[in-house]
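To start, the structure itself, in structure tokens.
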Amino acid sequence: MTTHETRPDDVPADPARVREALRLLSTAPVGLGVAVKRLSRGSGVYAWWAAPSILPDLPGPPNGGDPSLRLLYLGRATSLRGRILRNHLRRSGSSILRRTLAGLLVSEGYQTTWTDRVVLIPADEARLTAWMFAHLRLTWAEEAESATIEAELVRRLHPPLNVHGVDPEQIQAAVVAARNSYNTSSRPVEPLPIP
């Protein structure tokens, strides 16, 4: 027997919840030093913002609370605190955002290695985290239905660093190329042939 598995982007989101999440995400973003102290362990959606001079070829919609900042990326988490602190601010192996940023910042000379996947070398993990603290800002909204809310917000806002859920004509070729470049930058070591 085959069952249809429902995906978050197949389920309509409650319009009132989407509006509230959008309102909270559109408030003035805070620096990461402040955000890491305020983030809850609850589920929700989050948005990364930056000045237009940061990744200028990838313009996103302006922030409602601070129009000098543009949306870069939108995500969801079962634990906002855990997702931001353990993944986005630490490990490229588990953060699409970090991998995309490293690929886009190729001129910065980020180096990768192969573990069970492509990851930044430890020194460059730290360097990318410092770059994020210096250049990015964050907003978030606690939301129990984070998957359906995120899917609707991505469809509406077209964050330039998101690929999944974005209308095909809105997908940024530079982002796809950066992800591909990062993903092919290191490969597993092939075993030596046995003589």
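Chains: A, B, ... in order of the structure tokens. Residues: from 1 per chain. Ligands: from 1, in order shown.
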
I'd like to know which residues of region 11-189 of chain A are helix (DSSP H, G or I) (by DSSP, run on the backbone); could you write them as number ranges by chain? A: 15-25, 32-38, 80-88, 92-94, 96-104, 106-108, 122-135, 146-157, 168-170, 173-183

Fewer than 2 positions away in the same chain doesn't count, so skip those; otherwise give me all residues within 12 Å of Leu161 (chain A), counting only C-alpha atoms, as an mmCIF file with all heavy atoms, in the first residue's frame.
data_model
loop_
_atom_site.group_PDB
_atom_site.id
_atom_site.type_symbol
_atom_site.label_atom_id
_atom_site.label_comp_id
_atom_site.auth_asym_id
_atom_site.auth_seq_id
_atom_site.Cartn_x
_atom_site.Cartn_y
_atom_site.Cartn_z
ATOM 1 N N ALA A 47 15.465 34.617 10.196
ATOM 2 C CA ALA A 47 15.890 35.305 8.979
ATOM 3 C C ALA A 47 17.243 35.968 9.225
ATOM 4 O O ALA A 47 17.461 36.584 10.266
ATOM 5 C CB ALA A 47 14.856 36.353 8.567
ATOM 6 N N TRP A 48 18.132 35.817 8.242
ATOM 7 C CA TRP A 48 19.452 36.441 8.267
ATOM 8 C C TRP A 48 19.411 37.674 7.368
ATOM 9 O O TRP A 48 18.921 37.603 6.249
ATOM 10 C CB TRP A 48 20.515 35.467 7.753
ATOM 11 C CG TRP A 48 20.734 34.311 8.682
ATOM 12 C CD1 TRP A 48 20.068 33.122 8.681
ATOM 13 C CD2 TRP A 48 21.685 34.234 9.741
ATOM 14 N NE1 TRP A 48 20.546 32.315 9.666
ATOM 15 C CE2 TRP A 48 21.547 32.972 10.332
ATOM 16 C CE3 TRP A 48 22.646 35.108 10.233
ATOM 17 C CZ2 TRP A 48 22.338 32.554 11.408
ATOM 18 C CZ3 TRP A 48 23.429 34.701 11.290
ATOM 19 C CH2 TRP A 48 23.269 33.440 11.873
ATOM 20 N N TRP A 49 19.958 38.773 7.856
ATOM 21 C CA TRP A 49 19.920 40.064 7.167
ATOM 22 C C TRP A 49 21.329 40.630 7.060
ATOM 23 O O TRP A 49 22.183 40.362 7.901
ATOM 24 C CB TRP A 49 19.051 41.046 7.950
ATOM 25 C CG TRP A 49 17.671 40.542 8.217
ATOM 26 C CD1 TRP A 49 17.265 39.750 9.267
ATOM 27 C CD2 TRP A 49 16.509 40.781 7.434
ATOM 28 N NE1 TRP A 49 15.924 39.489 9.165
ATOM 29 C CE2 TRP A 49 15.434 40.107 8.058
ATOM 30 C CE3 TRP A 49 16.268 41.490 6.263
ATOM 31 C CZ2 TRP A 49 14.134 40.131 7.554
ATOM 32 C CZ3 TRP A 49 14.974 41.522 5.760
ATOM 33 C CH2 TRP A 49 13.924 40.850 6.396
ATOM 34 N N ALA A 50 21.554 41.466 6.045
ATOM 35 C CA ALA A 50 22.851 42.140 5.872
ATOM 36 C C ALA A 50 22.649 43.423 5.092
ATOM 37 O O ALA A 50 21.643 43.599 4.394
ATOM 38 C CB ALA A 50 23.830 41.236 5.148
ATOM 39 N N LEU A 55 27.464 40.986 -0.196
ATOM 40 C CA LEU A 55 26.909 40.187 -1.303
ATOM 41 C C LEU A 55 25.988 41.052 -2.168
ATOM 42 O O LEU A 55 24.812 40.738 -2.346
ATOM 43 C CB LEU A 55 26.168 38.961 -0.755
ATOM 44 C CG LEU A 55 26.966 38.068 0.206
ATOM 45 C CD1 LEU A 55 26.084 36.987 0.792
ATOM 46 C CD2 LEU A 55 28.178 37.464 -0.480
ATOM 47 N N ASP A 57 25.485 41.462 -5.256
ATOM 48 C CA ASP A 57 24.857 40.887 -6.452
ATOM 49 C C ASP A 57 23.642 40.031 -6.118
ATOM 50 O O ASP A 57 23.002 39.492 -7.018
ATOM 51 C CB ASP A 57 25.870 40.054 -7.240
ATOM 52 C CG ASP A 57 27.004 40.899 -7.780
ATOM 53 O OD1 ASP A 57 26.792 42.109 -8.006
ATOM 54 O OD2 ASP A 57 28.113 40.357 -7.969
ATOM 55 N N LEU A 58 23.339 39.892 -4.836
ATOM 56 C CA LEU A 58 22.227 39.052 -4.406
ATOM 57 C C LEU A 58 21.251 39.868 -3.549
ATOM 58 O O LEU A 58 21.168 39.689 -2.341
ATOM 59 C CB LEU A 58 22.748 37.855 -3.610
ATOM 60 C CG LEU A 58 23.682 36.924 -4.367
ATOM 61 C CD1 LEU A 58 24.334 35.934 -3.428
ATOM 62 C CD2 LEU A 58 22.943 36.218 -5.480
ATOM 63 N N PRO A 59 20.521 40.772 -4.177
ATOM 64 C CA PRO A 59 19.629 41.623 -3.399
ATOM 65 C C PRO A 59 18.398 40.859 -2.911
ATOM 66 O O PRO A 59 17.808 40.057 -3.627
ATOM 67 C CB PRO A 59 19.232 42.706 -4.397
ATOM 68 C CG PRO A 59 19.298 42.024 -5.725
ATOM 69 C CD PRO A 59 20.439 41.038 -5.610
ATOM 70 N N GLY A 60 18.054 41.088 -1.669
ATOM 71 C CA GLY A 60 16.834 40.531 -1.097
ATOM 72 C C GLY A 60 15.912 41.663 -0.697
ATOM 73 O O GLY A 60 16.289 42.833 -0.766
ATOM 74 N N ARG A 70 19.003 43.985 4.082
ATOM 75 C CA ARG A 70 18.299 43.148 3.105
ATOM 76 C C ARG A 70 18.276 41.702 3.583
ATOM 77 O O ARG A 70 19.235 41.217 4.190
ATOM 78 C CB ARG A 70 19.004 43.191 1.740
ATOM 79 C CG ARG A 70 19.078 44.562 1.127
ATOM 80 C CD ARG A 70 17.709 45.007 0.610
ATOM 81 N NE ARG A 70 17.746 46.309 -0.016
ATOM 82 C CZ ARG A 70 17.421 47.444 0.585
ATOM 83 N NH1 ARG A 70 17.065 47.438 1.842
ATOM 84 N NH2 ARG A 70 17.441 48.574 -0.066
ATOM 85 N N LEU A 71 17.191 40.991 3.275
ATOM 86 C CA LEU A 71 17.052 39.579 3.615
ATOM 87 C C LEU A 71 18.009 38.752 2.771
ATOM 88 O O LEU A 71 18.084 38.915 1.551
ATOM 89 C CB LEU A 71 15.611 39.116 3.361
ATOM 90 C CG LEU A 71 15.314 37.648 3.637
ATOM 91 C CD1 LEU A 71 15.524 37.301 5.111
ATOM 92 C CD2 LEU A 71 13.890 37.319 3.209
ATOM 93 N N LEU A 72 18.745 37.843 3.429
ATOM 94 C CA LEU A 72 19.632 36.930 2.726
ATOM 95 C C LEU A 72 19.106 35.501 2.739
ATOM 96 O O LEU A 72 19.139 34.817 1.729
ATOM 97 C CB LEU A 72 21.027 36.928 3.356
ATOM 98 C CG LEU A 72 21.886 38.156 3.175
ATOM 99 C CD1 LEU A 72 23.214 37.967 3.884
ATOM 100 C CD2 LEU A 72 22.107 38.453 1.701
ATOM 101 N N TYR A 73 18.651 35.043 3.899
ATOM 102 C CA TYR A 73 18.316 33.625 4.059
ATOM 103 C C TYR A 73 17.218 33.478 5.095
ATOM 104 O O TYR A 73 17.185 34.206 6.083
ATOM 105 C CB TYR A 73 19.572 32.871 4.515
ATOM 106 C CG TYR A 73 19.410 31.384 4.640
ATOM 107 C CD1 TYR A 73 19.513 30.559 3.524
ATOM 108 C CD2 TYR A 73 19.181 30.784 5.872
ATOM 109 C CE1 TYR A 73 19.386 29.182 3.634
ATOM 110 C CE2 TYR A 73 19.050 29.415 5.992
ATOM 111 C CZ TYR A 73 19.152 28.613 4.868
ATOM 112 O OH TYR A 73 19.027 27.256 4.983
ATOM 113 N N LEU A 74 16.350 32.516 4.859
ATOM 114 C CA LEU A 74 15.270 32.229 5.789
ATOM 115 C C LEU A 74 15.275 30.737 6.086
ATOM 116 O O LEU A 74 15.451 29.923 5.174
ATOM 117 C CB LEU A 74 13.940 32.630 5.141
ATOM 118 C CG LEU A 74 12.801 32.882 6.106
ATOM 119 C CD1 LEU A 74 12.008 34.073 5.640
ATOM 120 C CD2 LEU A 74 11.932 31.672 6.242
ATOM 121 N N GLY A 75 15.123 30.363 7.354
ATOM 122 C CA GLY A 75 15.140 28.951 7.723
ATOM 123 C C GLY A 75 14.172 28.648 8.841
ATOM 124 O O GLY A 75 13.506 29.536 9.370
ATOM 125 N N ILE A 96 23.567 24.627 5.531
ATOM 126 C CA ILE A 96 23.552 25.055 4.125
ATOM 127 C C ILE A 96 23.956 26.519 4.030
ATOM 128 O O ILE A 96 24.663 26.916 3.110
ATOM 129 C CB ILE A 96 22.163 24.821 3.506
ATOM 130 C CG1 ILE A 96 21.907 23.331 3.352
ATOM 131 C CG2 ILE A 96 22.035 25.524 2.158
ATOM 132 C CD1 ILE A 96 20.499 22.985 2.922
ATOM 133 N N LEU A 97 23.519 27.327 4.994
ATOM 134 C CA LEU A 97 23.882 28.746 4.987
ATOM 135 C C LEU A 97 25.398 28.906 5.009
ATOM 136 O O LEU A 97 25.963 29.649 4.207
ATOM 137 C CB LEU A 97 23.243 29.473 6.169
ATOM 138 C CG LEU A 97 23.685 30.922 6.357
ATOM 139 C CD1 LEU A 97 23.267 31.784 5.168
ATOM 140 C CD2 LEU A 97 23.126 31.477 7.660
ATOM 141 N N ARG A 98 26.087 28.225 5.917
ATOM 142 C CA ARG A 98 27.555 28.347 6.009
ATOM 143 C C ARG A 98 28.235 27.873 4.729
ATOM 144 O O ARG A 98 29.168 28.500 4.244
ATOM 145 C CB ARG A 98 28.094 27.549 7.203
ATOM 146 C CG ARG A 98 27.832 28.221 8.529
ATOM 147 C CD ARG A 98 28.398 27.394 9.673
ATOM 148 N NE ARG A 98 29.837 27.492 9.792
ATOM 149 C CZ ARG A 98 30.492 28.471 10.413
ATOM 150 N NH1 ARG A 98 29.832 29.465 10.954
ATOM 151 N NH2 ARG A 98 31.803 28.459 10.496
ATOM 152 N N ARG A 99 27.769 26.751 4.179
ATOM 153 C CA ARG A 99 28.378 26.239 2.951
ATOM 154 C C ARG A 99 28.175 27.222 1.801
ATOM 155 O O ARG A 99 29.084 27.449 1.006
ATOM 156 C CB ARG A 99 27.793 24.862 2.605
ATOM 157 C CG ARG A 99 28.196 23.801 3.620
ATOM 158 C CD ARG A 99 27.833 22.401 3.173
ATOM 159 N NE ARG A 99 26.439 22.163 2.913
ATOM 160 C CZ ARG A 99 25.551 21.717 3.809
ATOM 161 N NH1 ARG A 99 25.950 21.481 5.051
ATOM 162 N NH2 ARG A 99 24.304 21.489 3.463
ATOM 163 N N THR A 100 26.993 27.810 1.737
ATOM 164 C CA THR A 100 26.713 28.776 0.670
ATOM 165 C C THR A 100 27.579 30.019 0.844
ATOM 166 O O THR A 100 28.171 30.518 -0.119
ATOM 167 C CB THR A 100 25.218 29.153 0.655
ATOM 168 O OG1 THR A 100 24.444 27.963 0.507
ATOM 169 C CG2 THR A 100 24.900 30.122 -0.465
ATOM 170 N N LEU A 101 27.661 30.531 2.063
ATOM 171 C CA LEU A 101 28.505 31.706 2.309
ATOM 172 C C LEU A 101 29.960 31.429 1.961
ATOM 173 O O LEU A 101 30.620 32.245 1.313
ATOM 174 C CB LEU A 101 28.383 32.158 3.764
ATOM 175 C CG LEU A 101 27.066 32.804 4.156
ATOM 176 C CD1 LEU A 101 26.989 33.004 5.676
ATOM 177 C CD2 LEU A 101 26.859 34.125 3.424
ATOM 178 N N ALA A 102 30.477 30.277 2.364
ATOM 179 C CA ALA A 102 31.869 29.941 2.051
ATOM 180 C C ALA A 102 32.078 29.873 0.539
ATOM 181 O O ALA A 102 33.105 30.335 0.028
ATOM 182 C CB ALA A 102 32.260 28.617 2.705
ATOM 183 N N GLY A 103 31.103 29.334 -0.179
ATOM 184 C CA GLY A 103 31.206 29.274 -1.640
ATOM 185 C C GLY A 103 31.152 30.647 -2.274
ATOM 186 O O GLY A 103 31.861 30.926 -3.243
ATOM 187 N N LEU A 104 30.315 31.537 -1.732
ATOM 188 C CA LEU A 104 30.198 32.894 -2.275
ATOM 189 C C LEU A 104 31.410 33.750 -1.931
ATOM 190 O O LEU A 104 31.762 34.666 -2.670
ATOM 191 C CB LEU A 104 28.925 33.571 -1.750
ATOM 192 C CG LEU A 104 27.618 33.041 -2.321
ATOM 193 C CD1 LEU A 104 26.440 33.550 -1.502
ATOM 194 C CD2 LEU A 104 27.474 33.431 -3.787
ATOM 195 N N VAL A 154 9.193 31.628 2.336
ATOM 196 C CA VAL A 154 10.182 31.516 1.258
ATOM 197 C C VAL A 154 9.504 31.781 -0.076
ATOM 198 O O VAL A 154 10.045 32.488 -0.932
ATOM 199 C CB VAL A 154 10.894 30.141 1.289
ATOM 200 C CG1 VAL A 154 11.670 29.885 0.008
ATOM 201 C CG2 VAL A 154 11.811 30.054 2.494
ATOM 202 N N LEU A 157 8.864 35.708 -0.116
ATOM 203 C CA LEU A 157 9.979 36.654 0.003
ATOM 204 C C LEU A 157 11.158 36.378 -0.930
ATOM 205 O O LEU A 157 11.969 37.263 -1.152
ATOM 206 C CB LEU A 157 10.467 36.685 1.453
ATOM 207 C CG LEU A 157 9.419 37.101 2.490
ATOM 208 C CD1 LEU A 157 9.979 36.956 3.902
ATOM 209 C CD2 LEU A 157 8.942 38.519 2.230
ATOM 210 N N HIS A 158 11.308 35.177 -1.413
ATOM 211 C CA HIS A 158 12.421 34.802 -2.306
ATOM 212 C C HIS A 158 13.783 35.207 -1.729
ATOM 213 O O HIS A 158 14.536 35.963 -2.356
ATOM 214 C CB HIS A 158 12.266 35.429 -3.687
ATOM 215 C CG HIS A 158 10.909 35.252 -4.279
ATOM 216 N ND1 HIS A 158 10.421 34.029 -4.685
ATOM 217 C CD2 HIS A 158 9.923 36.138 -4.516
ATOM 218 C CE1 HIS A 158 9.202 34.177 -5.146
ATOM 219 N NE2 HIS A 158 8.864 35.442 -5.061
ATOM 220 N N PRO A 159 14.131 34.718 -0.529
ATOM 221 C CA PRO A 159 15.453 35.059 0.008
ATOM 222 C C PRO A 159 16.536 34.589 -0.964
ATOM 223 O O PRO A 159 16.493 33.454 -1.434
ATOM 224 C CB PRO A 159 15.526 34.275 1.322
ATOM 225 C CG PRO A 159 14.131 33.832 1.613
ATOM 226 C CD PRO A 159 13.412 33.764 0.317
ATOM 227 N N VAL A 163 17.328 28.149 -1.938
ATOM 228 C CA VAL A 163 17.074 27.537 -3.236
ATOM 229 C C VAL A 163 15.805 26.696 -3.163
ATOM 230 O O VAL A 163 14.920 26.830 -3.986
ATOM 231 C CB VAL A 163 18.276 26.688 -3.708
ATOM 232 C CG1 VAL A 163 17.943 25.922 -4.965
ATOM 233 C CG2 VAL A 163 19.493 27.580 -3.937
ATOM 234 N N HIS A 164 15.691 25.854 -2.132
ATOM 235 C CA HIS A 164 14.512 25.002 -1.977
ATOM 236 C C HIS A 164 13.285 25.856 -1.644
ATOM 237 O O HIS A 164 13.326 26.692 -0.749
ATOM 238 C CB HIS A 164 14.729 23.967 -0.871
ATOM 239 C CG HIS A 164 13.533 23.098 -0.657
ATOM 240 N ND1 HIS A 164 13.167 22.119 -1.548
ATOM 241 C CD2 HIS A 164 12.608 23.083 0.317
ATOM 242 C CE1 HIS A 164 12.071 21.533 -1.124
ATOM 243 N NE2 HIS A 164 11.707 22.100 0.008
ATOM 244 N N GLY A 165 12.238 25.660 -2.405
ATOM 245 C CA GLY A 165 10.985 26.370 -2.154
ATOM 246 C C GLY A 165 10.866 27.696 -2.868
ATOM 247 O O GLY A 165 9.817 28.317 -2.844
ATOM 248 N N VAL A 166 11.939 28.160 -3.487
ATOM 249 C CA VAL A 166 11.915 29.433 -4.206
ATOM 250 C C VAL A 166 11.437 29.167 -5.629
ATOM 251 O O VAL A 166 11.795 28.157 -6.238
ATOM 252 C CB VAL A 166 13.327 30.077 -4.217
ATOM 253 C CG1 VAL A 166 13.362 31.335 -5.059
ATOM 254 C CG2 VAL A 166 13.779 30.369 -2.797
ATOM 255 N N GLN A 170 13.228 32.763 -9.604
ATOM 256 C CA GLN A 170 13.838 33.582 -8.558
ATOM 257 C C GLN A 170 15.144 32.991 -8.016
ATOM 258 O O GLN A 170 15.830 33.622 -7.236
ATOM 259 C CB GLN A 170 12.853 33.761 -7.397
ATOM 260 C CG GLN A 170 11.586 34.503 -7.753
ATOM 261 C CD GLN A 170 11.831 35.970 -7.981
ATOM 262 O OE1 GLN A 170 12.725 36.561 -7.400
ATOM 263 N NE2 GLN A 170 11.044 36.573 -8.854
ATOM 264 N N ILE A 171 15.460 31.769 -8.401
ATOM 265 C CA ILE A 171 16.685 31.132 -7.900
ATOM 266 C C ILE A 171 17.901 31.846 -8.484
ATOM 267 O O ILE A 171 17.981 32.083 -9.681
ATOM 268 C CB ILE A 171 16.715 29.628 -8.245
ATOM 269 C CG1 ILE A 171 15.611 28.911 -7.450
ATOM 270 C CG2 ILE A 171 18.079 29.018 -7.938
ATOM 271 C CD1 ILE A 171 15.468 27.445 -7.777
ATOM 272 N N GLN A 172 18.819 32.186 -7.625
ATOM 273 C CA GLN A 172 20.010 32.918 -8.012
ATOM 274 C C GLN A 172 21.079 31.951 -8.539
ATOM 275 O O GLN A 172 21.548 31.079 -7.803
ATOM 276 C CB GLN A 172 20.557 33.697 -6.819
ATOM 277 C CG GLN A 172 19.581 34.687 -6.233
ATOM 278 C CD GLN A 172 19.364 35.875 -7.148
ATOM 279 O OE1 GLN A 172 20.283 36.305 -7.832
ATOM 280 N NE2 GLN A 172 18.152 36.396 -7.167
ATOM 281 N N ALA A 173 21.462 32.104 -9.783
ATOM 282 C CA ALA A 173 22.464 31.230 -10.394
ATOM 283 C C ALA A 173 23.783 31.277 -9.622
ATOM 284 O O ALA A 173 24.463 30.257 -9.480
ATOM 285 C CB ALA A 173 22.690 31.623 -11.848
ATOM 286 N N ALA A 174 24.137 32.448 -9.095
ATOM 287 C CA ALA A 174 25.387 32.570 -8.340
ATOM 288 C C ALA A 174 25.357 31.720 -7.072
ATOM 289 O O ALA A 174 26.390 31.183 -6.656
ATOM 290 C CB ALA A 174 25.640 34.031 -7.980
ATOM 291 N N VAL A 175 24.195 31.578 -6.471
ATOM 292 C CA VAL A 175 24.064 30.770 -5.258
ATOM 293 C C VAL A 175 24.217 29.288 -5.601
ATOM 294 O O VAL A 175 24.926 28.552 -4.909
ATOM 295 C CB VAL A 175 22.713 31.052 -4.550
ATOM 296 C CG1 VAL A 175 22.461 30.076 -3.418
ATOM 297 C CG2 VAL A 175 22.689 32.490 -4.042
ATOM 298 N N VAL A 176 23.575 28.859 -6.657
ATOM 299 C CA VAL A 176 23.700 27.460 -7.103
ATOM 300 C C VAL A 176 25.155 27.166 -7.448
ATOM 301 O O VAL A 176 25.707 26.132 -7.041
ATOM 302 C CB VAL A 176 22.757 27.176 -8.285
ATOM 303 C CG1 VAL A 176 22.993 25.785 -8.854
ATOM 304 C CG2 VAL A 176 21.300 27.354 -7.861
ATOM 305 N N ALA A 177 25.805 28.065 -8.157
ATOM 306 C CA ALA A 177 27.215 27.875 -8.533
ATOM 307 C C ALA A 177 28.104 27.833 -7.285
ATOM 308 O O ALA A 177 29.030 27.020 -7.202
ATOM 309 C CB ALA A 177 27.667 28.987 -9.470
ATOM 310 N N ALA A 178 27.837 28.694 -6.304
ATOM 311 C CA ALA A 178 28.633 28.715 -5.068
ATOM 312 C C ALA A 178 28.472 27.413 -4.301
ATOM 313 O O ALA A 178 29.450 26.856 -3.795
ATOM 314 C CB ALA A 178 28.224 29.899 -4.200
ATOM 315 N N ARG A 179 27.253 26.912 -4.212
ATOM 316 C CA ARG A 179 27.024 25.637 -3.523
ATOM 317 C C ARG A 179 27.735 24.500 -4.238
ATOM 318 O O ARG A 179 28.360 23.649 -3.602
ATOM 319 C CB ARG A 179 25.528 25.343 -3.429
ATOM 320 C CG ARG A 179 24.823 26.209 -2.422
ATOM 321 C CD ARG A 179 23.372 25.818 -2.305
ATOM 322 N NE ARG A 179 22.698 26.675 -1.340
ATOM 323 C CZ ARG A 179 21.465 26.477 -0.936
ATOM 324 N NH1 ARG A 179 20.767 25.458 -1.414
ATOM 325 N NH2 ARG A 179 20.915 27.287 -0.063
#

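Nearest to Glu145 (chain A) of all the residues A:Ala51, A:Ala77, A:Ala123, A:Val34 is A:Ala77, based on only C-alpha atoms.
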
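Excluding Gly33 (chain A) itself and any same-chain residue fewer than 2 positions from it, the protein and nucleic acid residues within 12 Å of it, counting only C-alpha atoms, are A:Pro29, A:Val30, A:Gly31, A:Ala35, A:Val36, A:Lys37, A:Arg38, A:Leu39, A:Ile84, A:Leu85, A:Leu89, A:Thr129, A:Ala130, A:Met132, A:Phe133, A:Ala134, A:His135, A:Leu136, A:Arg137, A:Leu138.
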
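Rounded to one decimal, CA of Gly42 (chain A) and CA of Gly82 (chain A) lie 9.3 Å from each other.
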
So that each row is one residue of region 39-119 of chain A with an atom at most 12 Å from region 183-186 of chain A, can you give its shortest atom pair and the distance in Å to one decimal, using only C-alpha atoms, rows by chain and rising number, as JSON lines?
{"residue": "A:Ser92", "atom": "CA", "partner": "A:Asn183", "partner_atom": "CA", "distance": 10.9}
{"residue": "A:Gly93", "atom": "CA", "partner": "A:Asn183", "partner_atom": "CA", "distance": 10.3}
{"residue": "A:Ile96", "atom": "CA", "partner": "A:Asn183", "partner_atom": "CA", "distance": 10.6}
{"residue": "A:Arg98", "atom": "CA", "partner": "A:Asn183", "partner_atom": "CA", "distance": 11.8}
{"residue": "A:Arg99", "atom": "CA", "partner": "A:Asn183", "partner_atom": "CA", "distance": 8.1}
{"residue": "A:Thr100", "atom": "CA", "partner": "A:Asn183", "partner_atom": "CA", "distance": 9.4}
{"residue": "A:Ala102", "atom": "CA", "partner": "A:Asn183", "partner_atom": "CA", "distance": 10.4}
{"residue": "A:Gly103", "atom": "CA", "partner": "A:Asn183", "partner_atom": "CA", "distance": 8.6}
{"residue": "A:Val106", "atom": "CA", "partner": "A:Ser185", "partner_atom": "CA", "distance": 10.7}
{"residue": "A:Gly109", "atom": "CA", "partner": "A:Ser185", "partner_atom": "CA", "distance": 11.7}
{"residue": "A:Tyr110", "atom": "CA", "partner": "A:Ser185", "partner_atom": "CA", "distance": 10.1}
{"residue": "A:Gln111", "atom": "CA", "partner": "A:Ser185", "partner_atom": "CA", "distance": 8.2}
{"residue": "A:Thr112", "atom": "CA", "partner": "A:Ser186", "partner_atom": "CA", "distance": 6.1}
{"residue": "A:Thr113", "atom": "CA", "partner": "A:Ser186", "partner_atom": "CA", "distance": 5.5}
{"residue": "A:Trp114", "atom": "CA", "partner": "A:Ser186", "partner_atom": "CA", "distance": 5.6}
{"residue": "A:Thr115", "atom": "CA", "partner": "A:Ser186", "partner_atom": "CA", "distance": 9.3}
{"residue": "A:Asp116", "atom": "CA", "partner": "A:Ser186", "partner_atom": "CA", "distance": 10.8}
{"residue": "A:Arg117", "atom": "CA", "partner": "A:Ser186", "partner_atom": "CA", "distance": 8.4}
{"residue": "A:Val118", "atom": "CA", "partner": "A:Ser186", "partner_atom": "CA", "distance": 5.9}
{"residue": "A:Val119", "atom": "CA", "partner": "A:Ser186", "partner_atom": "CA", "distance": 8.3}

Counting only C-alpha atoms, which residue out of A:Val45, A:Leu105, A:Ala126, A:Ala144 sits closest to Arg76 (chain A)? A:Val45

I'd like to know which residues of region 96-129 of chain A are strand (DSSP E or B) (by DSSP, run on the backbone); could you write them as a CSV table (one decimal) with N, CA and C atoms, in the first residue's frame?
chain,number,residue,atom,x,y,z
A,112,THR,N,38.6,23.8,2.4
A,112,THR,CA,37.8,22.7,2.9
A,112,THR,C,38.6,21.4,3.0
A,113,THR,N,38.0,20.5,3.6
A,113,THR,CA,38.6,19.1,3.7
A,113,THR,C,37.4,18.2,3.7
A,114,TRP,N,37.8,16.9,3.6
A,114,TRP,CA,36.7,15.9,3.5
A,114,TRP,C,36.7,15.1,4.8
A,118,VAL,N,32.1,17.4,2.8
A,118,VAL,CA,32.9,18.6,2.7
A,118,VAL,C,32.7,19.5,3.8
A,119,VAL,N,33.7,19.9,4.5
A,119,VAL,CA,33.6,20.8,5.6
A,119,VAL,C,34.8,21.8,5.5
A,120,LEU,N,34.6,23.0,6.2
A,120,LEU,CA,35.7,23.9,6.3
A,120,LEU,C,36.7,23.4,7.2
